[in-house]
$ cat structure_39.txt   # compact mmCIF, C-alpha atoms and all ligand atoms
# COMPACT_ATOMS: atom_id res chain seq x y z
CA MET K 1 -9.13 4.11 7.25
CA ASP K 2 -9.50 3.95 11.03
CA ASP K 3 -12.83 5.46 11.96
CA SER K 4 -12.71 4.83 15.73
CA SER K 5 -12.85 8.52 16.63
CA LEU K 6 -15.84 9.09 14.31
CA LEU K 7 -17.67 6.18 15.93
CA SER K 8 -16.91 7.29 19.47
CA GLU K 9 -18.11 10.84 18.63
CA PHE K 10 -21.25 9.33 17.15
CA THR K 11 -21.82 7.21 20.27
CA LEU K 12 -21.85 10.36 22.42
CA PHE K 13 -24.16 12.09 19.93
CA LEU K 14 -26.61 9.19 20.00
CA LYS K 15 -26.50 9.01 23.81
CA GLU K 16 -27.54 12.65 23.94
CA LYS K 17 -30.40 11.95 21.56
CA LYS K 18 -31.57 9.11 23.76
CA GLN K 19 -31.33 11.30 26.85
CA GLU K 20 -33.65 13.74 25.09
CA GLY K 21 -36.11 10.86 24.73
CA ILE K 22 -35.50 10.41 20.98
CA LYS K 23 -35.80 6.83 19.75
CA VAL K 24 -33.56 5.37 17.04
CA ILE K 25 -34.81 3.64 13.88
CA ALA K 26 -32.14 1.74 11.93
CA TYR K 27 -32.17 0.52 8.33
CA LEU K 28 -29.70 -0.80 5.79
CA ALA K 29 -27.62 1.56 3.69
CA HIS K 30 -29.66 1.78 0.50
CA ASP K 31 -32.20 4.29 -0.77
CA ASN K 32 -35.97 4.93 -0.85
CA ILE K 33 -36.44 4.72 2.94
CA PRO K 34 -38.50 7.81 3.92
CA GLU K 35 -36.14 9.29 6.48
CA GLU K 36 -38.24 12.48 6.37
CA LEU K 37 -41.20 10.62 7.91
CA ILE K 38 -38.95 9.11 10.60
CA ASP K 39 -37.65 12.58 11.42
CA ALA K 40 -41.12 14.16 11.36
CA ALA K 41 -42.31 11.59 13.91
CA GLY K 42 -39.48 12.63 16.25
CA PHE K 43 -37.18 9.61 15.75
CA PHE K 44 -33.54 9.53 14.71
CA PRO K 45 -32.94 7.72 11.38
CA LEU K 46 -29.78 5.60 11.62
CA ARG K 47 -28.50 4.35 8.28
CA LEU K 48 -26.35 1.22 8.74
CA ILE K 49 -23.29 2.22 6.72
CA PHE K 50 -20.58 0.16 8.38
CA GLY K 51 -18.06 -2.07 6.64
CA GLY K 52 -16.92 -5.44 7.91
CA ASN K 53 -14.01 -7.72 8.64
CA ASP K 54 -13.32 -11.44 8.97
CA GLU K 55 -14.67 -11.67 12.49
CA LEU K 56 -17.96 -9.96 11.66
CA MET K 57 -18.53 -12.04 8.52
CA ASP K 58 -17.77 -15.27 10.43
CA ALA K 59 -20.20 -14.32 13.19
CA SER K 60 -23.04 -14.11 10.66
CA HIS K 61 -22.69 -17.73 9.55
CA ASP K 62 -24.87 -18.93 12.44
CA PHE K 63 -27.73 -17.12 10.70
CA LEU K 64 -27.06 -17.00 6.96
CA PRO K 65 -24.88 -18.99 4.50
CA PRO K 66 -21.46 -17.52 3.54
CA SER K 67 -22.85 -16.98 0.03
CA THR K 68 -24.79 -13.96 1.35
CA CYS K 69 -23.28 -10.61 0.40
CA ALA K 70 -20.37 -9.55 2.60
CA PHE K 71 -22.05 -6.30 3.66
CA ALA K 72 -25.16 -8.15 4.82
CA GLN K 73 -22.99 -10.68 6.67
CA SER K 74 -21.17 -7.85 8.42
CA CYS K 75 -24.39 -6.10 9.46
CA ILE K 76 -25.49 -9.27 11.24
CA GLY K 77 -21.99 -9.67 12.67
CA LEU K 78 -22.17 -6.15 14.13
CA PHE K 79 -25.37 -6.91 16.04
CA SER K 80 -24.06 -10.31 17.08
CA VAL K 81 -20.53 -9.34 18.21
CA LYS K 82 -21.18 -5.66 19.10
CA PRO K 83 -17.49 -4.68 18.91
CA ASN K 84 -16.40 -1.87 21.25
CA ASP K 85 -16.73 0.87 18.62
CA TYR K 86 -20.29 -0.21 17.86
CA LYS K 87 -21.84 -0.37 21.32
CA PHE K 88 -24.21 2.38 20.15
CA LEU K 89 -26.13 -0.32 18.28
CA GLU K 90 -27.58 -1.26 21.67
CA MET K 91 -29.48 2.05 21.44
CA VAL K 92 -31.41 0.97 18.33
CA ASP K 93 -35.14 0.84 19.16
CA TYR K 94 -36.59 -0.33 15.82
CA ILE K 95 -35.32 -1.80 12.58
CA ILE K 96 -36.94 -1.30 9.19
CA VAL K 97 -37.49 -4.45 7.15
CA SER K 98 -37.36 -3.37 3.54
CA ASN K 99 -36.77 -5.08 0.22
CA HIS K 100 -33.97 -3.22 -1.53
CA CYS K 101 -32.64 -6.72 -2.29
CA VAL K 102 -33.06 -10.25 -0.93
CA SER K 103 -30.12 -9.83 1.45
CA ASP K 104 -31.59 -6.60 2.79
CA ILE K 105 -34.85 -8.36 3.73
CA CYS K 106 -33.08 -11.38 5.27
CA VAL K 107 -30.66 -9.29 7.32
CA SER K 108 -33.23 -6.93 8.74
CA GLU K 109 -35.58 -9.82 9.57
CA ILE K 110 -32.77 -11.68 11.31
CA ILE K 111 -31.66 -8.61 13.26
CA SER K 112 -35.24 -8.06 14.38
CA LYS K 113 -35.91 -11.67 15.30
CA TYR K 114 -32.65 -12.77 16.92
CA PHE K 115 -31.56 -9.50 18.52
CA ASN K 116 -35.03 -8.60 19.78
CA ILE K 117 -35.47 -5.31 17.94
CA PRO K 118 -39.06 -4.55 16.94
CA ARG K 119 -39.54 -4.27 13.18
CA LEU K 120 -41.25 -1.71 11.00
CA ASN K 121 -42.13 -2.67 7.44
CA PHE K 122 -41.59 -0.64 4.32
CA TYR K 123 -41.72 -2.32 0.92
CA VAL K 124 -40.78 -0.70 -2.36
CA SER K 125 -41.94 -1.69 -5.82
CA TYR K 126 -39.33 -2.92 -8.32
CA THR K 127 -40.83 -0.86 -11.09
CA ILE K 128 -41.58 2.78 -11.60
CA ASN K 129 -44.91 3.33 -13.34
CA GLU K 130 -48.32 4.73 -12.56
CA ASN K 131 -49.38 1.77 -10.42
CA SER K 132 -46.11 1.47 -8.52
CA LEU K 133 -46.28 5.15 -7.62
CA LYS K 134 -49.75 4.56 -6.17
CA TYR K 135 -48.37 1.55 -4.29
CA PHE K 136 -45.45 3.62 -2.98
CA LYS K 137 -47.90 6.18 -1.59
CA LEU K 138 -49.87 3.39 0.15
CA GLU K 139 -46.63 2.14 1.72
CA LEU K 140 -45.81 5.66 2.88
CA GLN K 141 -49.25 5.95 4.44
CA ASP K 142 -48.86 2.57 6.11
CA PHE K 143 -45.39 3.50 7.41
CA ARG K 144 -46.78 6.78 8.75
CA ASN K 145 -49.51 4.76 10.55
CA GLN K 146 -46.90 2.43 12.08
CA LEU K 147 -44.99 5.44 13.43
CA GLU K 148 -48.18 7.09 14.71
CA VAL K 149 -49.09 3.96 16.67
CA ILE K 150 -45.68 4.08 18.41
CA ILE K 151 -45.86 7.77 19.30
CA ASP K 152 -49.60 7.60 20.01
CA ARG K 153 -50.39 10.78 18.09
CA LYS K 154 -50.80 11.96 14.52
CA ILE K 155 -47.81 13.23 12.51
CA SER K 156 -48.90 16.54 11.04
CA ASP K 157 -48.45 17.42 7.37
CA ASP K 158 -46.58 20.55 8.50
CA ASP K 159 -44.04 18.44 10.38
CA ILE K 160 -43.49 16.24 7.32
CA HIS K 161 -43.08 19.32 5.12
CA ASN K 162 -40.50 20.73 7.50
CA SER K 163 -38.57 17.47 7.54
CA ILE K 164 -38.64 17.27 3.73
CA LEU K 165 -37.22 20.79 3.57
CA LYS K 166 -34.60 19.95 6.20
CA PHE K 167 -33.28 16.88 4.34
CA ASN K 168 -33.54 18.65 1.00
CA ASN K 169 -31.38 21.55 2.21
CA PHE K 170 -28.92 19.12 3.74
CA LYS K 171 -28.55 17.28 0.43
CA LYS K 172 -28.06 20.53 -1.48
CA LYS K 173 -25.09 21.29 0.76
CA LEU K 174 -23.74 17.74 0.47
CA LEU K 175 -23.87 18.03 -3.31
CA GLU K 176 -21.14 20.67 -3.10
CA ILE K 177 -18.74 17.98 -1.87
CA ASN K 178 -18.54 16.69 -5.44
CA GLU K 179 -16.78 19.86 -6.55
CA LEU K 180 -14.20 20.05 -3.75
CA GLU K 181 -10.57 19.68 -4.75
CA MET K 182 -9.28 17.26 -2.15
CA LEU K 183 -8.06 13.75 -1.57
CA GLY K 184 -10.80 11.15 -2.03
CA SER K 185 -10.27 9.66 1.44
CA GLU K 186 -10.83 13.10 3.02
CA LYS K 187 -13.94 13.59 0.91
CA LEU K 188 -15.20 10.18 1.98
CA LYS K 189 -14.69 11.06 5.66
CA LEU K 190 -16.88 14.11 5.13
CA ILE K 191 -19.56 12.04 3.40
CA HIS K 192 -19.47 9.36 6.12
CA LYS K 193 -19.81 11.84 8.93
CA SER K 194 -22.60 13.74 7.18
CA MET K 195 -24.61 10.63 6.43
CA LEU K 196 -24.16 9.25 9.92
CA PHE K 197 -25.12 12.40 11.82
CA GLY K 198 -27.66 13.63 9.25
CA PRO K 199 -28.94 17.23 9.10
CA ASP K 200 -27.69 17.87 12.68
CA PHE K 201 -24.28 18.09 11.01
CA LEU K 202 -25.36 20.77 8.51
CA HIS K 203 -23.81 23.71 10.31
CA ASP K 204 -20.41 21.98 10.67
CA LEU K 205 -20.65 20.77 7.09
CA GLU K 206 -21.19 24.32 5.83
CA ASN K 207 -18.12 25.49 7.74
CA LEU K 208 -15.98 22.62 6.52
CA ILE K 209 -17.01 23.08 2.90
CA GLN K 210 -16.29 26.79 3.19
CA LYS K 211 -12.87 26.02 4.63
CA PHE K 212 -12.00 23.51 1.92
CA LYS K 213 -13.12 25.94 -0.79
CA HIS K 214 -10.81 28.63 0.56
CA THR K 215 -7.87 26.33 1.13
CA PRO K 216 -8.06 23.49 -1.40
CA GLN K 217 -5.88 20.50 -0.53
CA SER K 218 -3.28 19.69 -3.11
CA VAL K 219 -3.60 16.26 -4.66
CA SER K 220 -0.55 14.71 -6.30
CA ASN K 221 -0.32 15.48 -10.03
CA THR K 222 0.78 11.96 -10.68
CA SER K 223 -2.27 10.29 -9.14
CA LYS K 224 -4.91 8.87 -11.48
CA ASP K 225 -8.46 10.20 -11.17
CA VAL K 226 -11.09 7.60 -10.45
CA PHE K 227 -14.90 7.57 -10.60
CA LEU K 228 -16.24 5.07 -8.07
CA THR K 229 -19.50 3.32 -8.88
CA GLY K 230 -21.25 0.16 -7.67
CA CYS K 231 -21.25 -0.54 -3.93
CA SER K 232 -20.35 2.07 -1.35
CA ILE K 233 -17.17 2.18 0.66
CA PHE K 234 -18.61 2.03 4.15
CA ILE K 235 -17.22 3.29 7.46
CA ASN K 236 -14.21 1.31 8.72
CA ASP K 237 -13.43 -0.14 5.30
CA ASN K 238 -9.84 0.26 4.09
CA PHE K 239 -10.67 -0.15 0.39
CA ILE K 240 -10.00 3.51 -0.37
CA ASP K 241 -6.53 3.19 1.19
CA LEU K 242 -5.70 0.46 -1.33
CA ILE K 243 -6.73 2.74 -4.20
CA GLU K 244 -4.70 5.68 -2.87
CA GLU K 245 -1.66 3.53 -2.07
CA GLY K 246 -1.88 2.23 -5.65
CA GLY K 247 -1.69 5.79 -7.02
CA GLY K 248 -5.40 6.53 -7.55
CA ASN K 249 -7.64 9.27 -6.23
CA ILE K 250 -11.41 8.94 -6.17
CA VAL K 251 -12.94 12.20 -7.35
CA PHE K 252 -16.59 11.14 -7.47
CA PHE K 253 -18.59 8.70 -5.31
CA ASP K 254 -21.49 7.42 -7.43
CA THR K 255 -22.88 5.12 -4.73
CA TRP K 256 -25.64 4.88 -2.10
CA ILE K 257 -23.31 6.68 0.31
CA GLY K 258 -22.43 9.53 -1.99
CA ASN K 259 -23.85 11.33 -4.99
CA HIS K 260 -26.66 8.83 -5.40
CA TYR K 261 -28.06 9.90 -2.02
CA TYR K 262 -27.50 13.62 -2.13
CA SER K 263 -28.45 14.15 -5.77
CA GLN K 264 -32.02 13.15 -4.87
CA ILE K 265 -33.07 16.74 -4.36
CA ILE K 266 -36.62 17.96 -4.88
CA GLU K 267 -37.07 21.31 -6.59
CA SER K 268 -37.94 23.82 -3.84
CA ASN K 269 -40.99 25.13 -5.71
CA LEU K 270 -42.49 21.61 -5.61
CA ILE K 271 -42.32 21.45 -1.81
CA ASP K 272 -45.49 23.45 -1.55
CA ILE K 273 -47.27 23.66 1.79
CA GLU K 274 -50.55 23.07 -0.07
CA THR K 275 -49.31 19.77 -1.55
CA ASP K 276 -49.79 16.49 0.29
CA PRO K 277 -46.25 15.86 1.64
CA LEU K 278 -46.57 12.17 0.80
CA ASP K 279 -46.96 13.16 -2.86
CA VAL K 280 -43.65 15.02 -2.59
CA LEU K 281 -42.01 11.82 -1.32
CA VAL K 282 -43.63 9.86 -4.16
CA LEU K 283 -42.11 12.36 -6.58
CA LYS K 284 -38.68 11.77 -5.06
CA PHE K 285 -39.11 8.02 -5.63
CA LYS K 286 -40.27 8.65 -9.21
CA ASN K 287 -37.23 10.79 -9.94
CA ASN K 288 -34.83 8.19 -8.56
CA ILE K 289 -33.89 6.91 -12.01
CA TYR K 290 -30.32 5.94 -11.10
CA GLY K 291 -31.24 3.67 -8.18
CA ASP K 292 -30.35 -0.01 -8.54
CA HIS K 293 -33.62 -1.09 -6.90
CA SER K 294 -36.19 -0.06 -9.45
CA VAL K 295 -36.29 -0.84 -13.13
CA PRO K 296 -36.79 -0.21 -16.04
CA ASN K 297 -33.81 1.37 -17.76
CA PHE K 298 -31.65 1.72 -14.68
CA LEU K 299 -28.54 0.40 -16.37
CA GLU K 300 -28.90 2.52 -19.49
CA GLN K 301 -29.36 5.63 -17.32
CA LYS K 302 -26.29 4.70 -15.32
CA VAL K 303 -24.10 4.19 -18.40
CA SER K 304 -25.26 7.46 -19.90
CA PHE K 305 -24.62 9.33 -16.62
CA ILE K 306 -21.07 7.94 -16.28
CA GLN K 307 -20.31 8.64 -19.94
CA LYS K 308 -21.45 12.26 -19.68
CA TYR K 309 -19.61 12.81 -16.42
CA SER K 310 -16.42 11.31 -17.84
CA GLU K 311 -16.56 13.39 -21.05
CA ASN K 312 -17.18 16.62 -19.12
CA TYR K 313 -14.45 15.80 -16.65
CA THR K 314 -11.86 15.27 -19.36
CA LYS K 315 -13.01 18.40 -21.21
CA ASN K 316 -12.90 20.63 -18.11
CA LYS K 317 -9.87 19.22 -16.31
CA GLY K 318 -7.88 17.88 -19.23
CA ARG K 319 -7.43 14.61 -17.33
CA LYS K 320 -8.49 11.08 -18.06
CA LEU K 321 -10.96 9.45 -15.68
CA GLY K 322 -10.97 5.75 -14.81
CA VAL K 323 -14.01 3.90 -13.50
CA ILE K 324 -13.84 1.40 -10.66
CA ASN K 325 -17.02 -0.61 -10.24
CA HIS K 326 -16.87 -1.78 -6.64
CA ILE K 327 -18.69 -5.07 -6.17
CA ILE K 328 -19.13 -6.37 -2.64
CA LYS K 329 -18.91 -10.14 -2.99
CA PHE K 330 -22.30 -11.78 -3.63
CA CYS K 331 -24.05 -8.43 -4.08
CA ASP K 332 -26.54 -9.58 -6.73
CA HIS K 333 -27.62 -6.10 -7.74
CA ILE K 334 -24.20 -4.80 -8.64
CA SER K 335 -22.53 -8.02 -9.82
CA LEU K 336 -25.34 -9.00 -12.22
CA MET K 337 -24.97 -5.81 -14.19
CA SER K 338 -21.20 -5.51 -14.02
CA SER K 339 -20.36 -7.15 -17.38
CA PHE K 340 -22.87 -5.01 -19.25
CA LEU K 341 -21.65 -1.86 -17.51
CA LYS K 342 -18.02 -2.63 -18.30
CA ASP K 343 -18.56 -3.73 -21.91
CA THR K 344 -20.81 -0.78 -22.74
CA LEU K 345 -18.53 1.84 -21.20
CA GLN K 346 -15.41 0.29 -22.74
CA GLU K 347 -17.04 0.45 -26.17
CA LYS K 348 -17.29 4.19 -25.51
CA GLY K 349 -13.59 4.39 -24.66
CA ILE K 350 -13.96 4.47 -20.85
CA GLN K 351 -11.76 1.96 -19.05
CA VAL K 352 -13.59 0.07 -16.29
CA LEU K 353 -12.23 -2.14 -13.52
CA ASN K 354 -14.86 -4.50 -12.08
CA LEU K 355 -13.49 -5.28 -8.66
CA GLU K 356 -15.27 -7.89 -6.57
CA ARG K 357 -14.18 -8.36 -2.97
CA ASP K 358 -15.32 -9.17 0.52
CA TYR K 359 -14.00 -7.80 3.80
CA SER K 360 -11.37 -10.46 4.47
CA ARG K 361 -7.82 -9.32 5.18
CA ALA K 362 -6.36 -12.12 3.07
CA ASN K 363 -7.53 -10.41 -0.14
CA ARG K 364 -5.57 -7.21 0.35
CA GLY K 365 -2.48 -8.21 -1.64
CA GLN K 366 -4.44 -9.47 -4.61
CA LEU K 367 -6.69 -6.40 -4.65
CA SER K 368 -3.70 -4.06 -4.52
CA THR K 369 -2.12 -5.82 -7.46
CA ARG K 370 -5.27 -5.51 -9.57
CA ILE K 371 -5.76 -1.85 -8.66
CA GLU K 372 -2.12 -0.99 -9.42
CA ALA K 373 -2.24 -2.81 -12.76
CA TYR K 374 -5.43 -0.97 -13.73
CA LEU K 375 -4.12 2.46 -12.74
CA GLU K 376 -0.85 1.75 -14.57
CA MET K 377 -2.83 0.96 -17.71
CA MET K 378 -4.62 4.33 -17.46
CA LYS K 379 -1.47 6.22 -18.46
S1 LIG L 401 -26.64 -7.57 -1.94
FE1 LIG L 401 -25.82 -5.53 -2.50
S2 LIG L 401 -27.61 -4.23 -2.42
FE2 LIG L 401 -28.09 -6.05 -1.19
S3 LIG L 401 -27.43 -5.68 0.94
FE3 LIG L 401 -25.71 -6.59 -0.12
S4 LIG L 401 -24.47 -4.85 -0.83
FE4 LIG L 401 -26.54 -4.08 -0.39
$ encode --input "structure_39.txt" --output "structure tokens"
Amino acid sequence: MDDSSLLSEFTLFLKEKKQEGIKVIAYLAHDNIPEELIDAAGFFPLRLIFGGNDELMDASHDFLPPSTCAFAQSCIGLFSVKPNDYKFLEMVDYIIVSNHCVSDICVSEIISKYFNIPRLNFYVSYTINENSLKYFKLELQDFRNQLEVIIDRKISDDDIHNSILKFNNFKKKLLEINELEMLGSEKLKLIHKSMLFGPDFLHDLENLIQKFKHTPQSVSNTSKDVFLTGCSIFINDNFIDLIEEGGGNIVFFDTWIGNHYYSQIIESNLIDIETDPLDVLVLKFKNNIYGDHSVPNFLEQKVSFIQKYSENYTKNKGRKLGVINHIIKFCDHISLMSSFLKDTLQEKGIQVLNLERDYSRANRGQLSTRIEAYLEMMK
């Protein structure tokens, strides 16, 4: 997938934001970062959702060993090399150092330290219980204070409420993407653009979804339907091309950049103007039971979700669904659980391909062969 035009459109968009005096806060692609607070303070939240290549991974080796996950390597490479399509990274004003995983912390610290981008801190507990919810609220309060120091004024509860509603409505619309009948690569383009531009894209998104509903794209009857879980397919990553060239079509993106993000919707009746808006954000964290950051029971929830989705899919569409668990090389979170995920789902009759890869071009042939063999077996 060549995403040059998306990136150049985004560069213009970000330039306009900067001209309006809006500052940009970047953070790595995972969940639990309170983008609503960033928005309420008048900043633009920029999720780093960009894939890599050999050059970007190599450029990171001055800072981290090659045994760091390939996505983390590429994030450093992007700030180090600043390829033409990514010049907009020069507009980043702050970077959030958070602890989704060890690589996340290391990368954001390195970007802050070596590329002179001031850091903001936001740490998230690895458990979900009464105490961790209290801790999450303290972190939210601290993050709010850090933003207030920068803007030199208080962020009102009303502004936070409005931002919560804005992102909530945006996610409700994004959720409709799951039901669209279209080629996975087209769906992914829509997801990428939405998650890059954020709620500013809502109006266009509504129009596009409407258009696709009225004129569904035909997908080849012979292609095999695939549920993608594990790591996301980021912008400028050709992984989805390999799946489609091999005869597969991804119908559901169960990743950070996909359903996992936009299914985190808060019931509208709970976004009450009388409620402390930080409590609403705590509730969102509490409900995030499918996230790979916080335990307990994440894996069991994940297996049960995939099983239910797969059974319903086959019942409603009369088609078998394969599962590809995408593991970016050295991603501890996803690789550690991959055997359990595969074994448990296969015991339930769901075929799983655990596919570990980095962004190097040399792997393409081998990946294609494995994907084709798996899809062939799905007959
Ligand atoms: S190790 Fe996994 S979760 Fe962590 S930054 Fe890399 S891809 Fe993301």
$ atom_distance --input "structure_39.txt" --atom1 "CA of Asp254 (chain K)" --atom2 "CA of Ser304 (chain K)"
13.0 Å
$ residues_near_ligand --input "structure_39.txt" --ligand "ligand LIG 401 (chain L)" --cutoff "6 Å" --atoms "only C-alpha atoms and all ligand atoms" --output "ChimeraX atom specification"
/K:69,71-72,101,103-104,328,331-333
$ write_last_selection --input "structure_39.txt" --atoms "C-alpha atoms" --output "PDB file, in the frame of the given file"
ATOM      1  CA  CYS K  69     -23.280 -10.610   0.400  1.00  0.00           C
ATOM      2  CA  PHE K  71     -22.050  -6.300   3.660  1.00  0.00           C
ATOM      3  CA  ALA K  72     -25.160  -8.150   4.820  1.00  0.00           C
ATOM      4  CA  CYS K 101     -32.640  -6.720  -2.290  1.00  0.00           C
ATOM      5  CA  SER K 103     -30.120  -9.830   1.450  1.00  0.00           C
ATOM      6  CA  ASP K 104     -31.590  -6.600   2.790  1.00  0.00           C
ATOM      7  CA  ILE K 328     -19.130  -6.370  -2.640  1.00  0.00           C
ATOM      8  CA  CYS K 331     -24.050  -8.430  -4.080  1.00  0.00           C
ATOM      9  CA  ASP K 332     -26.540  -9.580  -6.730  1.00  0.00           C
ATOM     10  CA  HIS K 333     -27.620  -6.100  -7.740  1.00  0.00           C
TER      11      HIS K 333
END
$ atom_distance --input "structure_39.txt" --atom1 "CA of Arg144 (chain K)" --atom2 "CA of Tyr123 (chain K)"
13.0 Å
$ atom_distance --input "structure_39.txt" --atom1 "CA of Ala362 (chain K)" --atom2 "CA of His100 (chain K)"
29.4 Å
$ residues_around --input "structure_39.txt" --residues "Lys348 (chain K)" --least-positions-apart "4" --cutoff "9 Å" --atoms "all atoms listed in the file" --output "PyMOL selection string"
chain K and resi 307+343-344
$ decode --input "structure_39.txt" --residues "region 232-293 of chain K" --atoms "C-alpha atoms" --output "PDB file, in the first residue's frame"
ATOM      1  CA  SER K 232      -1.921  -3.428  13.729  1.00  0.00           C
ATOM      2  CA  ILE K 233      -1.093  -2.970  10.089  1.00  0.00           C
ATOM      3  CA  PHE K 234       0.207   0.573  10.165  1.00  0.00           C
ATOM      4  CA  ILE K 235       0.330   3.240   7.450  1.00  0.00           C
ATOM      5  CA  ASN K 236       2.815   2.486   4.657  1.00  0.00           C
ATOM      6  CA  ASP K 237       2.975  -1.218   5.477  1.00  0.00           C
ATOM      7  CA  ASN K 238       2.395  -3.606   2.570  1.00  0.00           C
ATOM      8  CA  PHE K 239       1.386  -6.571   4.737  1.00  0.00           C
ATOM      9  CA  ILE K 240      -2.253  -6.384   3.663  1.00  0.00           C
ATOM     10  CA  ASP K 241      -1.163  -6.556   0.002  1.00  0.00           C
ATOM     11  CA  LEU K 242       0.517  -9.898   0.718  1.00  0.00           C
ATOM     12  CA  ILE K 243      -2.707 -11.243   2.227  1.00  0.00           C
ATOM     13  CA  GLU K 244      -4.833 -10.036  -0.697  1.00  0.00           C
ATOM     14  CA  GLU K 245      -2.350 -11.248  -3.318  1.00  0.00           C
ATOM     15  CA  GLY K 246      -2.441 -14.638  -1.562  1.00  0.00           C
ATOM     16  CA  GLY K 247      -6.241 -14.804  -1.967  1.00  0.00           C
ATOM     17  CA  GLY K 248      -7.357 -13.512   1.458  1.00  0.00           C
ATOM     18  CA  ASN K 249      -9.576 -10.627   2.459  1.00  0.00           C
ATOM     19  CA  ILE K 250      -9.483  -9.125   5.941  1.00  0.00           C
ATOM     20  CA  VAL K 251     -13.044  -8.523   7.099  1.00  0.00           C
ATOM     21  CA  PHE K 252     -12.327  -7.457  10.674  1.00  0.00           C
ATOM     22  CA  PHE K 253      -9.407  -5.528  12.211  1.00  0.00           C
ATOM     23  CA  ASP K 254      -9.170  -6.552  15.872  1.00  0.00           C
ATOM     24  CA  THR K 255      -6.145  -4.367  16.630  1.00  0.00           C
ATOM     25  CA  TRP K 256      -5.143  -1.052  18.247  1.00  0.00           C
ATOM     26  CA  ILE K 257      -5.805   0.619  14.890  1.00  0.00           C
ATOM     27  CA  GLY K 258      -9.228  -0.843  14.341  1.00  0.00           C
ATOM     28  CA  ASN K 259     -12.072  -2.296  16.349  1.00  0.00           C
ATOM     29  CA  HIS K 260     -10.078  -2.261  19.560  1.00  0.00           C
ATOM     30  CA  TYR K 261      -9.948   1.542  19.407  1.00  0.00           C
ATOM     31  CA  TYR K 262     -13.403   2.352  18.174  1.00  0.00           C
ATOM     32  CA  SER K 263     -15.277  -0.218  20.250  1.00  0.00           C
ATOM     33  CA  GLN K 264     -14.248   1.702  23.377  1.00  0.00           C
ATOM     34  CA  ILE K 265     -17.470   3.675  23.422  1.00  0.00           C
ATOM     35  CA  ILE K 266     -19.021   5.052  26.587  1.00  0.00           C
ATOM     36  CA  GLU K 267     -22.786   4.788  26.940  1.00  0.00           C
ATOM     37  CA  SER K 268     -24.183   8.278  26.224  1.00  0.00           C
ATOM     38  CA  ASN K 269     -26.269   8.314  29.419  1.00  0.00           C
ATOM     39  CA  LEU K 270     -23.050   7.940  31.455  1.00  0.00           C
ATOM     40  CA  ILE K 271     -21.519  11.089  29.962  1.00  0.00           C
ATOM     41  CA  ASP K 272     -23.496  13.220  32.352  1.00  0.00           C
ATOM     42  CA  ILE K 273     -22.592  16.885  32.716  1.00  0.00           C
ATOM     43  CA  GLU K 274     -22.930  16.445  36.502  1.00  0.00           C
ATOM     44  CA  THR K 275     -20.317  13.657  36.576  1.00  0.00           C
ATOM     45  CA  ASP K 276     -16.633  14.428  37.007  1.00  0.00           C
ATOM     46  CA  PRO K 277     -15.332  13.954  33.433  1.00  0.00           C
ATOM     47  CA  LEU K 278     -12.214  12.236  34.774  1.00  0.00           C
ATOM     48  CA  ASP K 279     -14.489   9.553  36.244  1.00  0.00           C
ATOM     49  CA  VAL K 280     -15.904   8.999  32.761  1.00  0.00           C
ATOM     50  CA  LEU K 281     -12.366   8.441  31.460  1.00  0.00           C
ATOM     51  CA  VAL K 282     -11.672   6.064  34.357  1.00  0.00           C
ATOM     52  CA  LEU K 283     -14.778   4.127  33.341  1.00  0.00           C
ATOM     53  CA  LYS K 284     -13.458   3.844  29.790  1.00  0.00           C
ATOM     54  CA  PHE K 285     -10.205   2.384  31.140  1.00  0.00           C
ATOM     55  CA  LYS K 286     -12.153  -0.025  33.369  1.00  0.00           C
ATOM     56  CA  ASN K 287     -14.220  -1.242  30.423  1.00  0.00           C
ATOM     57  CA  ASN K 288     -11.148  -1.830  28.265  1.00  0.00           C
ATOM     58  CA  ILE K 289     -11.145  -5.576  28.925  1.00  0.00           C
ATOM     59  CA  TYR K 290      -9.683  -6.551  25.537  1.00  0.00           C
ATOM     60  CA  GLY K 291      -6.574  -4.359  25.785  1.00  0.00           C
ATOM     61  CA  ASP K 292      -3.224  -6.157  25.851  1.00  0.00           C
ATOM     62  CA  HIS K 293      -1.837  -3.738  28.449  1.00  0.00           C
TER      63      HIS K 293
END
